[in-house]
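Source file: protein-v3.txt; contents: compact mmCIF, C-alpha atoms.
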```txt
# COMPACT_ATOMS: atom_id res chain seq x y z
CA MET A 1 103.40 -5.92 -203.06
CA ARG A 2 105.00 -8.73 -201.09
CA GLY A 3 102.19 -11.11 -200.22
CA MET A 4 99.48 -8.99 -198.65
CA VAL A 5 101.86 -6.17 -197.76
CA GLN A 6 101.79 -2.89 -199.68
CA TYR A 7 104.79 -0.55 -199.69
CA LYS A 8 104.21 3.17 -200.06
CA THR A 9 106.80 5.87 -200.72
CA GLY A 10 106.62 9.37 -199.27
CA THR A 11 105.04 10.88 -196.18
CA ASP A 12 101.56 11.65 -197.54
CA PRO A 13 100.05 8.23 -196.68
CA ILE A 14 101.49 8.14 -193.14
CA ASP A 15 99.19 7.73 -190.18
CA TRP A 16 101.35 9.67 -187.69
CA GLU A 17 99.67 8.15 -184.61
CA ALA A 18 100.39 4.64 -185.93
CA LEU A 19 103.97 5.64 -186.78
CA GLY A 20 104.32 6.93 -183.22
CA ASP A 21 103.05 3.57 -181.94
CA LEU A 22 105.62 1.76 -184.09
CA TYR A 23 108.58 3.77 -182.88
CA GLU A 24 107.39 3.74 -179.29
CA GLU A 25 107.49 -0.08 -179.53
CA VAL A 26 110.77 -0.47 -181.43
CA GLY A 27 112.54 2.54 -179.90
CA LEU A 28 114.05 4.17 -182.98
CA VAL A 29 114.14 7.77 -184.33
CA ALA A 30 116.87 8.64 -181.83
CA GLN A 31 115.26 9.23 -178.43
CA PHE A 32 112.00 10.50 -179.94
CA GLY A 33 110.41 7.09 -180.54
CA LYS A 34 110.44 5.93 -176.91
CA LYS A 35 109.26 9.39 -175.84
CA ARG A 36 106.52 9.18 -178.50
CA ASP A 37 107.33 12.71 -179.66
CA LEU A 38 105.13 12.73 -182.76
CA GLU A 39 106.13 16.23 -183.86
CA LYS A 40 109.85 15.38 -183.89
CA ILE A 41 109.16 12.05 -185.62
CA ARG A 42 107.08 13.87 -188.25
CA GLN A 43 109.83 16.49 -188.77
CA ALA A 44 112.48 13.77 -189.13
CA PHE A 45 110.45 11.84 -191.69
CA GLN A 46 109.41 14.90 -193.66
CA SER A 47 113.07 15.99 -193.87
CA SER A 48 114.17 12.61 -195.27
CA TYR A 49 115.26 11.92 -198.84
CA LYS A 50 113.06 8.82 -199.14
CA VAL A 51 110.48 7.31 -196.79
CA VAL A 52 108.93 3.87 -197.17
CA THR A 53 106.02 2.57 -195.13
CA ALA A 54 104.61 -0.97 -195.11
CA TRP A 55 100.88 -1.61 -194.84
CA LYS A 56 98.95 -4.80 -194.21
CA LYS A 57 95.14 -4.75 -194.58
CA GLY A 58 95.26 -0.94 -194.50
CA LYS A 59 97.23 -0.78 -191.25
CA LEU A 60 100.79 0.55 -190.93
CA VAL A 61 103.08 -2.34 -189.92
CA GLY A 62 106.57 -0.97 -190.63
CA ALA A 63 108.64 1.93 -191.91
CA GLY A 64 112.12 3.16 -192.74
CA ARG A 65 113.85 6.18 -194.20
CA LEU A 66 116.89 7.19 -196.25
CA LEU A 67 118.85 10.41 -195.83
CA SER A 68 120.91 11.32 -198.89
CA ASP A 69 122.38 13.93 -201.18
CA GLY A 70 121.02 11.82 -204.04
CA LEU A 71 124.40 11.69 -205.74
CA CYS A 72 127.12 10.20 -203.56
CA TYR A 73 125.96 9.00 -200.15
CA GLY A 74 122.93 7.72 -198.31
CA THR A 75 122.27 6.55 -194.78
CA ILE A 76 119.37 4.34 -193.80
CA TYR A 77 117.67 4.94 -190.47
CA ASP A 78 114.73 3.77 -188.43
CA VAL A 79 113.83 0.55 -190.24
CA GLY A 80 111.26 -0.93 -187.89
CA VAL A 81 108.45 -3.47 -188.00
CA PHE A 82 105.90 -4.13 -185.27
CA GLN A 83 106.91 -7.20 -183.25
CA ALA A 84 103.69 -9.02 -184.20
CA CYS A 85 104.53 -8.62 -187.91
CA ARG A 86 108.19 -9.66 -187.90
CA LYS A 87 109.66 -12.65 -189.77
CA GLN A 88 107.29 -12.07 -192.71
CA GLY A 89 109.72 -10.33 -195.08
CA ILE A 90 108.38 -6.86 -194.30
CA GLY A 91 111.74 -5.42 -193.18
CA LYS A 92 113.35 -6.82 -196.32
CA GLY A 93 110.61 -5.24 -198.42
CA ILE A 94 111.17 -1.86 -196.77
CA MET A 95 114.92 -2.10 -197.39
CA GLU A 96 114.44 -3.11 -201.04
CA ALA A 97 112.07 -0.19 -201.58
CA LEU A 98 114.47 2.27 -199.91
CA LEU A 99 117.37 1.10 -202.07
CA ARG A 100 115.40 0.90 -205.34
CA GLY A 101 116.55 3.72 -207.60
CA ASN A 102 119.50 4.46 -205.29
CA GLU A 103 121.85 1.67 -206.35
CA HIS A 104 124.48 4.27 -207.30
CA LEU A 105 124.84 5.52 -203.71
CA LEU A 106 127.35 4.48 -201.07
CA VAL A 107 124.85 3.46 -198.38
CA TYR A 108 125.54 3.32 -194.66
CA LEU A 109 123.45 2.14 -191.73
CA THR A 110 123.82 1.17 -188.10
CA SER A 111 122.12 -2.07 -187.12
CA THR A 112 120.32 -2.43 -183.83
CA PHE A 113 121.79 -5.16 -181.63
CA GLY A 114 120.76 -8.61 -182.81
CA ASN A 115 119.82 -7.56 -186.35
CA GLU A 116 123.30 -7.63 -187.88
CA GLY A 117 122.54 -10.88 -189.74
CA PHE A 118 119.46 -9.33 -191.36
CA TYR A 119 121.58 -6.63 -192.99
CA SER A 120 124.34 -9.08 -193.94
CA LYS A 121 121.77 -11.14 -195.86
CA LEU A 122 120.85 -7.98 -197.78
CA GLY A 123 124.47 -7.53 -198.88
CA PHE A 124 125.68 -5.03 -196.29
CA LYS A 125 129.18 -5.48 -194.90
CA LYS A 126 130.85 -4.18 -191.74
CA HIS A 127 132.74 -0.93 -192.27
CA LYS A 128 136.31 -1.05 -190.97
CA THR A 129 136.71 2.63 -190.09
CA ALA A 130 133.24 3.91 -189.20
CA TYR A 131 133.00 6.47 -186.40
CA ALA A 132 130.09 8.25 -184.79
CA LYS A 133 129.59 11.20 -182.45
CA TYR A 134 126.41 11.29 -180.37
CA PRO A 135 125.15 14.14 -178.18
CA ARG A 136 124.70 11.68 -175.28
CA GLU A 137 126.00 8.35 -174.01
CA SER A 138 125.07 5.31 -176.09
CA GLU A 139 125.64 1.58 -175.86
CA TYR A 140 126.42 1.68 -179.59
CA LEU A 141 129.63 3.67 -179.07
CA GLU A 142 132.89 2.10 -177.94
CA GLN A 143 134.65 3.88 -175.10
```

Final structure tokens representation of the file:
Amino acid sequence: MRGMVQYKTGTDPIDWEALGDLYEEVGLVAQFGKKRDLEKIRQAFQSSYKVVTAWKKGKLVGAGRLLSDGLCYGTIYDVGVFQACRKQGIGKGIMEALLRGNEHLLVYLTSTFGNEGFYSKLGFKKHKTAYAKYPRESEYLEQ
């Protein structure tokens, strides 16, 4: 618990409608969040290595997930907190919970624009040779 926030691991406690609301607002889970495609969001989360959700007074306020082989590598995706709940340490709590027990992994992530400093404060550094291939155009890819 961080203050009045409870962090839960796994997909069993997830309120999928509330998770859809979160990703519709923050626009993550590839294109599925903005489209509010609950089935694709559910499939993505249920296929993840580790899922952490944040709850305040019984209401979902944030979430994130880790994809991994459990041995060498991990990639963090979709760390999001409702706008009304930001700047309360909830994102940090989600990140700490995702990383707990996975300190042995080489962990990658892509920050959304404007949140680079958040990840730097958590000890993440820019990768000098990272590349990505997307199935569509993206403002995150250099031309």

Nearby residues (all atoms listed in the file) at most 12 Å from Phe32 in chain A, same-chain spacing under 2 positions excluded, as a VMD selection string: chain A and resid 19 to 30 34 to 45 78

Protein/DNA/RNA residues near (106.6, 7.0, -200.7), cut 10 Å, all atoms listed in the file, as a list in words: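 Applying the cut-off with all atoms listed in the file, one gets Tyr7, Lys8, Thr9, Gly10, Thr11, Asp12, Pro13, Ile14, Lys50, Val51, Val52, Thr53, Ala54, Arg65, Ala97 and Leu98 of chain A.
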
CA of Gly74 in chain A to CA of Leu141 in chain A, straight-line distance in Å: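 Here the two named atoms are 20.8 Å from each other.
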
Atomic separation - CA of Glu139 in chain A relative to CA of Gly64 in chain A, Å: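 Computing the Euclidean distance for CA of Gly64 in chain A and CA of Glu139 in chain A yields 21.7 Å.
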
Contact residues around range 100-104 of chain A with only C-alpha atoms at 9 Å, ignoring same-chain residues under 2 positions, as JSON, numbers by chain: {"A": [70, 71, 72, 73, 74, 95, 96, 97, 98, 106, 107]}

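Atom to atom, CA of Arg86 in chain A and CA of Lys57 in chain A stand 15.5 Å apart.
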
Residues within 9 Å of Phe124 in chain A, all atoms listed in the file, excluding chain neighbours under 5 positions, as a PyMOL selection string: chain A and resi 107-109+119

Let me have the centre and edge lengths in Å, one decimal, of the box along x, y and z around every listed atom of range 24-32 of chain A with 6 Å of margin on each side, as lines of an AutoDock Vina configuration file.
```
center_x = 112.1
center_y = 5.0
center_z = -181.4
size_x = 21.5
size_y = 23.0
size_z = 17.9
```

Selected residue of minimal separation from Ser111 in chain A among A:Ile76, A:Gln143, A:Phe82, A:Val61, counting all atoms listed in the file: A:Ile76

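Residue nearest Ile94 in chain A within the list A:Gln6, A:Gly33, A:Glu137, A:Trp16: A:Gln6 [criterion: smallest interatomic distance, all atoms listed in the file].
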
Residues within 7 Å of Tyr49 in chain A, all atoms listed in the file, excluding chain neighbours under 3 positions, as a PyMOL selection string: chain A and resi 66-68

Counting all atoms listed in the file, the option among A:Gly58, A:Phe118, A:Thr75, A:Thr112 closest to Lys92 in chain A: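 Residue with the minimum atom-to-atom distance to Lys92 in chain A: A:Phe118.
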
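With distances restricted to all atoms listed in the file, A:Ala18 is the closest residue to Gly62 in chain A from A:Leu122, A:Leu99, A:Ala18, A:Leu105.
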
Among listed residues A:Gln31, A:Thr110, A:Leu60, A:Ser48, nearest Glu17 in chain A (using only C-alpha atoms):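 Selected residue with least distance to Glu17 in chain A: A:Leu60.
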